[in-house]
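K.L.:
File follows, structure_12.cif with mmCIF, C-alpha atoms:
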```cif
data_entry
#
loop_
_atom_site.label_atom_id
_atom_site.label_comp_id
_atom_site.auth_asym_id
_atom_site.auth_seq_id
_atom_site.Cartn_x
_atom_site.Cartn_y
_atom_site.Cartn_z
CA MET A 29 22.17 19.62 1.69
CA ALA A 30 18.43 20.12 1.69
CA ASP A 31 16.40 18.83 -1.26
CA ALA A 32 13.24 20.58 -2.39
CA PRO A 33 10.03 18.52 -2.16
CA THR A 34 10.03 17.56 -5.83
CA VAL A 35 9.29 14.31 -7.62
CA GLU A 36 13.03 13.97 -8.23
CA SER A 37 13.92 14.25 -4.54
CA LEU A 38 11.04 11.87 -3.77
CA ILE A 39 12.48 9.25 -6.12
CA GLU A 40 15.88 9.80 -4.52
CA ALA A 41 14.44 9.35 -1.01
CA ASN A 42 12.82 6.13 -2.15
CA ALA A 43 16.14 4.90 -3.56
CA GLY A 44 17.78 5.91 -0.25
CA PHE A 45 15.41 3.65 1.66
CA TYR A 46 16.51 0.66 -0.42
CA ARG A 47 20.18 1.64 -0.10
CA ALA A 48 19.70 1.69 3.68
CA PHE A 49 18.25 -1.81 3.43
CA GLU A 50 21.14 -3.01 1.25
CA SER A 51 23.69 -1.50 3.65
CA LEU A 52 22.15 -3.53 6.50
CA ASP A 53 22.89 -0.44 8.58
CA MET A 54 20.22 0.11 11.23
CA ALA A 55 21.17 3.79 11.72
CA ALA A 56 20.59 4.47 8.02
CA MET A 57 17.29 2.59 8.16
CA GLU A 58 16.14 4.57 11.20
CA ASP A 59 17.06 7.76 9.41
CA ALA A 60 15.02 6.81 6.32
CA TRP A 61 11.85 6.59 8.43
CA ASP A 62 9.92 9.55 9.71
CA ALA A 63 10.32 10.39 13.39
CA GLY A 64 6.61 11.17 13.84
CA ASP A 65 3.58 8.98 14.44
CA GLY A 66 1.39 7.04 12.03
CA LEU A 67 4.22 4.75 10.89
CA PHE A 68 2.94 1.63 9.13
CA CYS A 69 4.87 -1.29 7.68
CA VAL A 70 3.94 -4.55 6.00
CA HIS A 71 6.82 -6.81 5.02
CA PRO A 72 5.83 -9.44 2.41
CA GLY A 73 3.72 -12.06 4.14
CA TRP A 74 4.02 -10.43 7.56
CA GLN A 75 1.42 -8.96 9.83
CA ALA A 76 0.97 -5.19 9.77
CA LEU A 77 3.22 -3.23 12.09
CA ILE A 78 1.98 0.09 13.41
CA GLY A 79 4.03 2.69 15.27
CA ARG A 80 7.71 3.59 15.10
CA GLU A 81 8.79 1.12 17.77
CA ALA A 82 7.15 -1.93 16.18
CA VAL A 83 8.33 -0.90 12.71
CA LEU A 84 11.96 -0.29 13.71
CA GLU A 85 12.07 -3.47 15.80
CA SER A 86 11.11 -5.45 12.67
CA TRP A 87 13.93 -3.81 10.73
CA ARG A 88 16.42 -4.58 13.48
CA MET A 89 15.44 -8.22 13.20
CA ILE A 90 15.50 -8.28 9.39
CA LEU A 91 18.85 -6.49 9.07
CA ALA A 92 20.43 -8.72 11.73
CA ASN A 93 19.25 -11.87 9.94
CA THR A 94 20.12 -10.94 6.37
CA GLY A 95 23.55 -11.91 5.05
CA LYS A 96 23.32 -9.85 1.90
CA ILE A 97 20.51 -8.25 -0.05
CA GLY A 98 20.34 -6.34 -3.32
CA PHE A 99 17.44 -4.52 -4.94
CA THR A 100 16.82 -3.65 -8.53
CA LEU A 101 13.87 -1.28 -8.63
CA SER A 102 11.60 -1.19 -11.65
CA SER A 103 8.25 0.23 -12.75
CA ILE A 104 8.75 3.16 -10.40
CA GLU A 105 5.83 5.60 -10.32
CA ALA A 106 6.23 8.66 -8.12
CA ARG A 107 3.91 11.56 -7.52
CA ILE A 108 3.16 14.19 -4.95
CA ALA A 109 -0.38 14.63 -3.62
CA GLY A 110 -0.45 17.68 -1.40
CA THR A 111 2.03 16.91 1.38
CA VAL A 112 2.33 13.20 0.67
CA GLY A 113 4.85 11.61 -1.67
CA ILE A 114 3.49 8.40 -3.18
CA VAL A 115 5.86 5.88 -4.74
CA THR A 116 4.91 2.52 -6.19
CA LEU A 117 7.43 0.10 -7.63
CA HIS A 118 8.49 -3.42 -8.22
CA GLU A 119 11.28 -4.69 -5.95
CA ASN A 120 13.47 -7.26 -7.68
CA ILE A 121 15.20 -8.84 -4.71
CA ASP A 122 18.36 -10.91 -4.58
CA SER A 123 19.15 -11.99 -1.02
CA ARG A 124 21.12 -14.44 1.04
CA VAL A 125 19.98 -15.74 4.41
CA GLY A 126 22.62 -18.07 5.85
CA SER A 127 23.88 -20.07 2.87
CA GLU A 128 20.60 -19.85 0.96
CA ARG A 129 20.17 -17.52 -1.94
CA HIS A 130 16.74 -16.16 -2.79
CA ARG A 131 15.36 -14.31 -5.75
CA ALA A 132 11.97 -12.78 -5.29
CA GLY A 133 9.73 -10.03 -6.53
CA ALA A 134 7.57 -7.73 -4.47
CA LEU A 135 5.23 -4.84 -5.13
CA ALA A 136 5.54 -1.88 -2.81
CA THR A 137 3.51 1.16 -1.89
CA ASN A 138 5.80 3.66 -0.14
CA LEU A 139 4.44 6.88 1.32
CA PHE A 140 6.70 9.75 2.34
CA ARG A 141 6.16 13.07 4.08
CA TYR A 142 8.50 15.99 3.59
CA ASP A 143 10.52 16.78 6.70
CA GLN A 144 11.18 20.55 6.58
CA ARG A 145 13.90 20.40 9.22
CA ALA A 146 15.82 17.57 7.60
CA GLY A 147 15.11 19.06 4.17
CA ARG A 148 14.11 15.71 2.71
CA TRP A 149 11.38 13.15 2.37
CA LYS A 150 10.92 10.59 5.13
CA LEU A 151 9.14 7.25 4.82
CA PHE A 152 6.08 6.72 6.98
CA HIS A 153 4.27 3.88 5.21
CA HIS A 154 5.73 0.80 3.52
CA HIS A 155 3.43 -1.92 2.21
CA ALA A 156 5.27 -4.67 0.36
CA SER A 157 3.69 -7.85 -0.94
CA LEU A 158 5.00 -10.81 -2.90
CA ALA A 159 4.45 -10.49 -6.63
CA MET A 160 4.10 -13.36 -9.03
CA ALA A 161 6.52 -12.49 -11.76
CA PRO A 162 9.63 -10.40 -11.05
CA ASP A 163 9.78 -7.37 -13.29
CA ASP A 164 6.83 -8.41 -15.37
CA ASP A 165 3.90 -7.46 -13.25
CA VAL A 166 2.78 -3.98 -14.10
CA VAL A 167 -0.03 -3.24 -16.53
CA VAL A 168 -0.38 0.37 -17.60
CA ASN A 169 -3.56 1.36 -19.37
CA MET B 21 -25.54 14.95 0.62
CA ALA B 22 -21.98 16.21 0.72
CA ASP B 23 -19.69 14.96 3.49
CA ALA B 24 -16.94 17.14 4.89
CA PRO B 25 -13.39 15.79 4.43
CA THR B 26 -13.18 14.36 7.95
CA VAL B 27 -11.79 11.10 9.30
CA GLU B 28 -15.40 9.96 9.81
CA SER B 29 -16.36 10.56 6.17
CA LEU B 30 -13.08 8.90 5.14
CA ILE B 31 -13.97 5.77 7.11
CA GLU B 32 -17.43 5.87 5.55
CA ALA B 33 -15.97 6.17 2.02
CA ASN B 34 -13.74 3.20 2.75
CA ALA B 35 -16.74 1.17 3.96
CA GLY B 36 -18.58 2.26 0.79
CA PHE B 37 -15.85 0.78 -1.38
CA TYR B 38 -16.32 -2.62 0.29
CA ARG B 39 -20.11 -2.34 0.06
CA ALA B 40 -19.70 -1.69 -3.68
CA PHE B 41 -17.59 -4.85 -3.88
CA GLU B 42 -20.17 -6.86 -1.90
CA SER B 43 -23.00 -5.58 -4.11
CA LEU B 44 -21.11 -6.88 -7.19
CA ASP B 45 -22.47 -3.75 -8.87
CA MET B 46 -20.00 -2.35 -11.37
CA ALA B 47 -21.63 1.10 -11.40
CA ALA B 48 -21.17 1.40 -7.63
CA MET B 49 -17.56 0.23 -7.96
CA GLU B 50 -16.85 2.77 -10.71
CA ASP B 51 -18.37 5.46 -8.53
CA ALA B 52 -16.13 4.54 -5.57
CA TRP B 53 -13.00 5.21 -7.66
CA ASP B 54 -11.69 8.63 -8.51
CA ALA B 55 -12.30 9.85 -12.06
CA GLY B 56 -8.81 11.37 -12.36
CA ASP B 57 -5.44 9.92 -13.19
CA GLY B 58 -2.89 8.15 -11.03
CA LEU B 59 -5.19 5.22 -10.24
CA PHE B 60 -3.32 2.21 -8.88
CA CYS B 61 -4.62 -1.20 -7.84
CA VAL B 62 -3.05 -4.41 -6.59
CA HIS B 63 -5.43 -7.30 -5.95
CA PRO B 64 -3.93 -10.01 -3.69
CA GLY B 65 -1.36 -11.93 -5.74
CA TRP B 66 -2.03 -9.93 -8.90
CA GLN B 67 0.21 -7.72 -10.94
CA ALA B 68 -0.06 -3.97 -10.37
CA LEU B 69 -2.68 -2.18 -12.44
CA ILE B 70 -2.13 1.45 -13.31
CA GLY B 71 -4.67 3.82 -14.83
CA ARG B 72 -8.47 3.96 -14.60
CA GLU B 73 -9.07 1.70 -17.59
CA ALA B 74 -6.84 -1.16 -16.38
CA VAL B 75 -8.16 -0.85 -12.83
CA LEU B 76 -11.85 -0.82 -13.78
CA GLU B 77 -11.37 -3.66 -16.27
CA SER B 78 -10.00 -5.81 -13.42
CA TRP B 79 -13.06 -5.01 -11.31
CA ARG B 80 -15.41 -5.89 -14.17
CA MET B 81 -13.71 -9.28 -14.36
CA ILE B 82 -13.71 -9.83 -10.60
CA LEU B 83 -17.35 -8.79 -10.09
CA ALA B 84 -18.50 -10.91 -13.04
CA ASN B 85 -16.71 -13.97 -11.66
CA THR B 86 -17.68 -13.71 -8.02
CA GLY B 87 -20.87 -15.50 -6.87
CA LYS B 88 -21.00 -13.86 -3.46
CA ILE B 89 -18.53 -12.01 -1.28
CA GLY B 90 -18.69 -10.54 2.19
CA PHE B 91 -16.18 -8.42 4.08
CA THR B 92 -15.69 -7.92 7.76
CA LEU B 93 -13.26 -5.06 8.21
CA SER B 94 -11.00 -4.93 11.24
CA SER B 95 -7.97 -3.05 12.56
CA ILE B 96 -9.07 0.02 10.61
CA GLU B 97 -6.66 2.95 10.89
CA ALA B 98 -7.69 6.15 9.11
CA ARG B 99 -5.98 9.50 8.93
CA ILE B 100 -5.78 12.54 6.73
CA ALA B 101 -2.41 13.82 5.52
CA GLY B 102 -2.97 17.10 3.71
CA THR B 103 -5.29 16.23 0.81
CA VAL B 104 -4.86 12.46 1.04
CA GLY B 105 -6.98 10.13 3.11
CA ILE B 106 -5.01 7.07 4.22
CA VAL B 107 -6.84 3.96 5.41
CA THR B 108 -5.24 0.68 6.41
CA LEU B 109 -7.21 -2.33 7.49
CA HIS B 110 -7.56 -6.04 7.59
CA GLU B 111 -10.10 -7.51 5.15
CA ASN B 112 -11.71 -10.67 6.49
CA ILE B 113 -13.15 -12.14 3.32
CA ASP B 114 -15.84 -14.75 2.86
CA SER B 115 -16.45 -15.48 -0.81
CA ARG B 116 -17.94 -17.98 -3.19
CA VAL B 117 -16.60 -18.57 -6.70
CA GLY B 118 -18.76 -21.16 -8.46
CA SER B 119 -19.57 -23.76 -5.79
CA GLU B 120 -16.36 -23.15 -3.82
CA ARG B 121 -16.37 -21.20 -0.63
CA HIS B 122 -13.24 -19.32 0.44
CA ARG B 123 -12.23 -17.65 3.64
CA ALA B 124 -9.20 -15.43 3.43
CA GLY B 125 -7.52 -12.48 5.04
CA ALA B 126 -5.87 -9.56 3.33
CA LEU B 127 -4.13 -6.39 4.39
CA ALA B 128 -5.03 -3.27 2.47
CA THR B 129 -3.65 0.21 1.99
CA ASN B 130 -6.40 2.41 0.55
CA LEU B 131 -5.71 6.00 -0.46
CA PHE B 132 -8.49 8.49 -1.13
CA ARG B 133 -8.63 12.03 -2.41
CA TYR B 134 -11.48 14.37 -1.59
CA ASP B 135 -13.66 15.16 -4.59
CA GLN B 136 -15.05 18.66 -3.99
CA ARG B 137 -17.70 18.34 -6.65
CA ALA B 138 -19.03 15.01 -5.44
CA GLY B 139 -18.59 16.14 -1.84
CA ARG B 140 -16.92 12.90 -0.83
CA TRP B 141 -13.73 10.89 -0.79
CA LYS B 142 -12.84 8.85 -3.85
CA LEU B 143 -10.43 5.91 -3.96
CA PHE B 144 -7.34 6.27 -6.13
CA HIS B 145 -5.00 3.63 -4.71
CA HIS B 146 -5.80 0.13 -3.46
CA HIS B 147 -3.00 -2.24 -2.48
CA ALA B 148 -4.26 -5.52 -1.03
CA SER B 149 -2.08 -8.48 -0.13
CA LEU B 150 -2.77 -11.85 1.41
CA ALA B 151 -2.26 -11.93 5.15
CA MET B 152 -1.33 -14.96 7.15
CA ALA B 153 -3.84 -14.98 9.95
CA PRO B 154 -7.28 -13.44 9.47
CA ASP B 155 -8.01 -10.82 12.08
CA ASP B 156 -4.88 -11.51 14.07
CA ASP B 157 -2.22 -9.72 12.15
CA VAL B 158 -1.78 -6.23 13.45
CA VAL B 159 0.87 -5.30 16.00
CA VAL B 160 0.51 -1.85 17.52
CA ASN B 161 3.46 -0.52 19.43
#
```
Would you kindly transcribe this structure into structure tokens?
P.N.:
Amino acid sequence: MADAPTVESLIEANAGFYRAFESLDMAAMEDAWDAGDGLFCVHPGWQALIGREAVLESWRMILANTGKIGFTLSSIEARIAGTVGIVTLHENIDSRVGSERHRAGALATNLFRYDQRAGRWKLFHHHASLAMAPDDDVVVN
Amino acid sequence: MADAPTVESLIEANAGFYRAFESLDMAAMEDAWDAGDGLFCVHPGWQALIGREAVLESWRMILANTGKIGFTLSSIEARIAGTVGIVTLHENIDSRVGSERHRAGALATNLFRYDQRAGRWKLFHHHASLAMAPDDDVVVN
């Protein structure tokens, strides 16, 4: 069913991106990203990846090498500026790579464009960076 | 003189933001940022700052505590999506705090909106994060 380009559907699309990550399902991850050009992705501590091929290749690698990952999203701010959906949030991450368990926090800027044909928002820009203190790193003033 | 909302004037506005930083001039920094709401700023390793007051307060602190800073910008990608100007780049930073000299690299997502009255782009979103290898961290594919 098609969603309207509202802040609510934007927040839902953002949640869908993290569900795709948690599912470790590459098809779902591919579907979360926009099919067009201008794709940009920074994983925490990584180099910048530009273009759909480089971005999806990084996700293939990450999903294949992650045993289990869970996200609790906090401090979500979502707004629409013209045709761009802007979401910022704190990712509280609980993951397992091999037998090691990691807890980490990251700050993310996620940009979406509304795909008329699909009837939903698609991600085209993901910039995530390590944050000092999980769930305690947003100052509103 | 008013600039048209083109990719060229967007790149120039982005350069102006870094010149304001280099000048350590708070008035120039205030002028680079949009006067409206929805301001968002992440300095490398910092918490997220939301709102003009929190964002400008952080710049006051940074400018007051920086002896000298210089930026060489590389891997600049700029595009306009509707009313939003999106710039990504690598910041190659050379700074001095007290007697210590630092070289560092950061990746930045800078979002601008076009201010009709001022006739130029204004920054409303700056997300900078430490990057591993200065000037060697962008993969285009």
K.L.:
Give me the residues of chain A that have any atom at most 10 Å from an atom of chain B; for each, the nearest atom pair and the distance in Å, rounded to one decimal. Use all atoms listed in the file, sort by chain and number, and format it as a tab-separated table.
P.N.:
```
residue	atom	partner	partner_atom	distance
A:Gly66	CA	B:Arg99	CA	8.4
A:Phe68	CA	B:Thr108	CA	8.7
A:Val70	CA	B:Leu127	CA	8.4
A:Pro72	CA	B:Ser149	CA	8.4
A:Gly73	CA	B:Ala151	CA	6.1
A:Trp74	CA	B:Ala151	CA	6.9
A:Gln75	CA	B:Asp157	CA	4.4
A:Ala76	CA	B:Val158	CA	4.7
A:Leu77	CA	B:Val159	CA	5.0
A:Ile78	CA	B:Val160	CA	4.8
A:Gly79	CA	B:Asn161	CA	5.3
A:Arg80	CA	B:Asn161	CA	7.3
A:Glu81	CA	B:Asn161	CA	5.8
A:Ala82	CA	B:Asn161	CA	5.1
A:Val83	CA	B:Asn161	CA	8.3
A:Glu85	CA	B:Asn161	CA	9.8
A:Ser103	CA	B:Ala68	CA	9.6
A:Glu105	CA	B:Gly58	CA	9.1
A:Ala106	CA	B:Gly58	CA	9.6
A:Arg107	CA	B:Gly58	CA	8.4
A:Ala109	CA	B:Thr103	CA	6.8
A:Gly110	CA	B:Thr103	CA	5.5
A:Thr111	CA	B:Gly102	CA	5.5
A:Val112	CA	B:Ala101	CA	6.8
A:Ile114	CA	B:His145	CA	9.9
A:Thr116	CA	B:Phe60	CA	8.7
A:Leu117	CA	B:Ala68	CA	9.0
A:His118	CA	B:Ala68	CA	8.8
A:Ala134	CA	B:Gln67	CA	9.8
A:Leu135	CA	B:Ala68	CA	7.5
A:Ala136	CA	B:His147	CA	8.6
A:Thr137	CA	B:His147	CA	7.4
A:Leu139	CA	B:Ile106	CA	9.9
A:Arg141	CA	B:Ala101	CA	8.7
A:His153	CA	B:Thr129	CA	9.3
A:His154	CA	B:Thr129	CA	9.5
A:His155	CA	B:Thr129	CA	7.4
A:Ala156	CA	B:Ser149	CA	8.3
A:Ser157	CA	B:Ser149	CA	5.9
A:Leu158	CA	B:Gly65	CA	7.1
A:Ala159	CA	B:Gly65	CA	6.1
A:Met160	CA	B:Gly65	CA	6.5
A:Ala161	CA	B:Gln67	CA	8.0
A:Pro162	CA	B:Gln67	CA	9.8
A:Asp163	CA	B:Gln67	CA	9.9
A:Asp164	CA	B:Gln67	CA	8.0
A:Asp165	CA	B:Gln67	CA	4.4
A:Val166	CA	B:Ala68	CA	4.7
A:Val167	CA	B:Leu69	CA	5.0
A:Val168	CA	B:Ile70	CA	4.8
A:Asn169	CA	B:Ala74	CA	5.1
```
K.L.:
Fit chain B to chain A, using all C-alpha atoms paired in sequence order for the least-squares superposition, and then show me the result as a CSV table (one decimal) with C-alpha atoms, in the frame of the given file.
P.N.:
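Saved the output as part.csv:
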```csv
chain,number,residue,atom,x,y,z
B,21,MET,CA,22.1,19.6,1.7
B,22,ALA,CA,18.4,20.1,1.7
B,23,ASP,CA,16.4,18.8,-1.3
B,24,ALA,CA,13.2,20.6,-2.4
B,25,PRO,CA,10.0,18.5,-2.2
B,26,THR,CA,10.0,17.6,-5.8
B,27,VAL,CA,9.3,14.3,-7.6
B,28,GLU,CA,13.0,14.0,-8.2
B,29,SER,CA,13.9,14.2,-4.5
B,30,LEU,CA,11.0,11.9,-3.8
B,31,ILE,CA,12.5,9.2,-6.1
B,32,GLU,CA,15.9,9.8,-4.5
B,33,ALA,CA,14.4,9.4,-1.0
B,34,ASN,CA,12.8,6.1,-2.1
B,35,ALA,CA,16.1,4.9,-3.6
B,36,GLY,CA,17.8,5.9,-0.3
B,37,PHE,CA,15.4,3.7,1.7
B,38,TYR,CA,16.5,0.7,-0.4
B,39,ARG,CA,20.2,1.6,-0.1
B,40,ALA,CA,19.7,1.7,3.7
B,41,PHE,CA,18.2,-1.8,3.4
B,42,GLU,CA,21.1,-3.0,1.2
B,43,SER,CA,23.7,-1.5,3.6
B,44,LEU,CA,22.1,-3.5,6.5
B,45,ASP,CA,22.9,-0.4,8.6
B,46,MET,CA,20.2,0.1,11.2
B,47,ALA,CA,21.2,3.8,11.7
B,48,ALA,CA,20.6,4.5,8.0
B,49,MET,CA,17.3,2.6,8.1
B,50,GLU,CA,16.1,4.6,11.2
B,51,ASP,CA,17.1,7.8,9.4
B,52,ALA,CA,15.0,6.8,6.3
B,53,TRP,CA,11.8,6.6,8.4
B,54,ASP,CA,9.9,9.5,9.7
B,55,ALA,CA,10.3,10.4,13.4
B,56,GLY,CA,6.6,11.2,13.9
B,57,ASP,CA,3.6,9.0,14.4
B,58,GLY,CA,1.4,7.0,12.0
B,59,LEU,CA,4.2,4.7,10.9
B,60,PHE,CA,2.9,1.6,9.1
B,61,CYS,CA,4.9,-1.3,7.7
B,62,VAL,CA,3.9,-4.6,6.0
B,63,HIS,CA,6.8,-6.8,5.0
B,64,PRO,CA,5.8,-9.5,2.4
B,65,GLY,CA,3.7,-12.1,4.2
B,66,TRP,CA,4.0,-10.4,7.6
B,67,GLN,CA,1.4,-9.0,9.8
B,68,ALA,CA,1.0,-5.2,9.8
B,69,LEU,CA,3.2,-3.2,12.1
B,70,ILE,CA,2.0,0.1,13.4
B,71,GLY,CA,4.0,2.7,15.3
B,72,ARG,CA,7.7,3.6,15.1
B,73,GLU,CA,8.8,1.1,17.8
B,74,ALA,CA,7.2,-1.9,16.2
B,75,VAL,CA,8.3,-0.9,12.7
B,76,LEU,CA,12.0,-0.3,13.7
B,77,GLU,CA,12.1,-3.5,15.8
B,78,SER,CA,11.1,-5.5,12.7
B,79,TRP,CA,13.9,-3.8,10.7
B,80,ARG,CA,16.4,-4.6,13.5
B,81,MET,CA,15.4,-8.2,13.2
B,82,ILE,CA,15.5,-8.3,9.4
B,83,LEU,CA,18.9,-6.5,9.1
B,84,ALA,CA,20.4,-8.7,11.7
B,85,ASN,CA,19.3,-11.9,9.9
B,86,THR,CA,20.1,-10.9,6.4
B,87,GLY,CA,23.6,-11.9,5.1
B,88,LYS,CA,23.3,-9.9,1.9
B,89,ILE,CA,20.5,-8.3,-0.1
B,90,GLY,CA,20.3,-6.3,-3.3
B,91,PHE,CA,17.4,-4.5,-4.9
B,92,THR,CA,16.8,-3.6,-8.5
B,93,LEU,CA,13.9,-1.3,-8.6
B,94,SER,CA,11.6,-1.2,-11.6
B,95,SER,CA,8.2,0.2,-12.7
B,96,ILE,CA,8.8,3.2,-10.4
B,97,GLU,CA,5.8,5.6,-10.3
B,98,ALA,CA,6.2,8.7,-8.1
B,99,ARG,CA,3.9,11.6,-7.5
B,100,ILE,CA,3.2,14.2,-5.0
B,101,ALA,CA,-0.4,14.6,-3.6
B,102,GLY,CA,-0.4,17.7,-1.4
B,103,THR,CA,2.0,16.9,1.4
B,104,VAL,CA,2.3,13.2,0.7
B,105,GLY,CA,4.8,11.6,-1.7
B,106,ILE,CA,3.5,8.4,-3.2
B,107,VAL,CA,5.9,5.9,-4.8
B,108,THR,CA,4.9,2.5,-6.2
B,109,LEU,CA,7.4,0.1,-7.6
B,110,HIS,CA,8.5,-3.4,-8.2
B,111,GLU,CA,11.3,-4.7,-6.0
B,112,ASN,CA,13.5,-7.3,-7.7
B,113,ILE,CA,15.2,-8.8,-4.7
B,114,ASP,CA,18.4,-10.9,-4.6
B,115,SER,CA,19.1,-12.0,-1.0
B,116,ARG,CA,21.1,-14.4,1.0
B,117,VAL,CA,20.0,-15.7,4.4
B,118,GLY,CA,22.6,-18.0,5.9
B,119,SER,CA,23.9,-20.1,2.9
B,120,GLU,CA,20.6,-19.8,1.0
B,121,ARG,CA,20.2,-17.5,-1.9
B,122,HIS,CA,16.7,-16.2,-2.8
B,123,ARG,CA,15.4,-14.3,-5.8
B,124,ALA,CA,12.0,-12.8,-5.3
B,125,GLY,CA,9.7,-10.0,-6.5
B,126,ALA,CA,7.6,-7.7,-4.5
B,127,LEU,CA,5.2,-4.8,-5.1
B,128,ALA,CA,5.5,-1.9,-2.8
B,129,THR,CA,3.5,1.2,-1.9
B,130,ASN,CA,5.8,3.7,-0.1
B,131,LEU,CA,4.4,6.9,1.3
B,132,PHE,CA,6.7,9.8,2.3
B,133,ARG,CA,6.2,13.1,4.1
B,134,TYR,CA,8.5,16.0,3.6
B,135,ASP,CA,10.5,16.8,6.7
B,136,GLN,CA,11.2,20.5,6.6
B,137,ARG,CA,13.9,20.4,9.2
B,138,ALA,CA,15.8,17.6,7.6
B,139,GLY,CA,15.1,19.1,4.2
B,140,ARG,CA,14.1,15.7,2.7
B,141,TRP,CA,11.4,13.1,2.4
B,142,LYS,CA,10.9,10.6,5.1
B,143,LEU,CA,9.1,7.3,4.8
B,144,PHE,CA,6.1,6.7,7.0
B,145,HIS,CA,4.3,3.9,5.2
B,146,HIS,CA,5.7,0.8,3.5
B,147,HIS,CA,3.4,-1.9,2.2
B,148,ALA,CA,5.3,-4.7,0.4
B,149,SER,CA,3.7,-7.9,-0.9
B,150,LEU,CA,5.0,-10.8,-2.9
B,151,ALA,CA,4.5,-10.5,-6.6
B,152,MET,CA,4.1,-13.4,-9.0
B,153,ALA,CA,6.5,-12.5,-11.8
B,154,PRO,CA,9.6,-10.4,-11.0
B,155,ASP,CA,9.8,-7.4,-13.3
B,156,ASP,CA,6.8,-8.4,-15.4
B,157,ASP,CA,3.9,-7.4,-13.3
B,158,VAL,CA,2.8,-4.0,-14.1
B,159,VAL,CA,0.0,-3.2,-16.6
B,160,VAL,CA,-0.4,0.4,-17.6
B,161,ASN,CA,-3.6,1.4,-19.4
```
K.L.:
On this structure, which residues satisfy the PyMOL selection byres ((chain B and resi 115) around 10), written as a list of chain:residue names?
P.N.:
B:Glu42, B:Thr86, B:Gly87, B:Lys88, B:Ile89, B:Gly90, B:Phe91, B:Asn112, B:Ile113, B:Asp114, B:Arg116, B:Val117, B:Gly118, B:Glu120, B:Arg121, B:His122, B:Arg123, B:Ala124
K.L.:
Nearest residue to B:Thr26 out of B:Ile100, B:Ala52, B:Leu143, B:Ala47, using only C-alpha atoms?
P.N.:
B:Ile100
K.L.:
Let me know the centre plus edge lengths, in Å and rounded to one decimal, of a box with edges along x, y and z that contains all listed atoms of stretch 129-134 of chain A and is padded by 6 Å on every side, as JSON.
P.N.:
```
{"center_x": 13.9, "center_y": -12.6, "center_z": -4.2, "size_x": 24.6, "size_y": 21.8, "size_z": 16.6}
```
K.L.:
Which is closer to A:Met89 than all the others in A:Leu101, A:Ile39, A:Ala63, A:Met54, using only C-alpha atoms?
P.N.:
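Result for the nearest residue to A:Met89: A:Met54.
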K.L.:
Take atom CA of A:Thr100 and atom CA of A:Glu119 and report the distance between them in Å, one decimal.
P.N.:
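Calculated distance between atom CA of A:Thr100 and atom CA of A:Glu119 is 6.2 Å.
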K.L.:
For atom CA of A:Ala146 and atom CA of A:Ser86, quote the distance in Å rounded to one decimal.
P.N.:
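Rounded to one decimal, the two atoms are 24.0 Å apart.
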K.L.:
Between A:Val115, A:Ala43, A:Ala32, A:Ala56, single out the one closest to A:Trp87, counting all atoms listed in the file.
P.N.:
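That would be A:Ala56, the residue with the smallest distance to A:Trp87.
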K.L.:
May I ask for the distance between atom CA of B:Phe132 and atom CA of A:Tyr142, given in Å to one decimal place?
P.N.:
19.2 Å
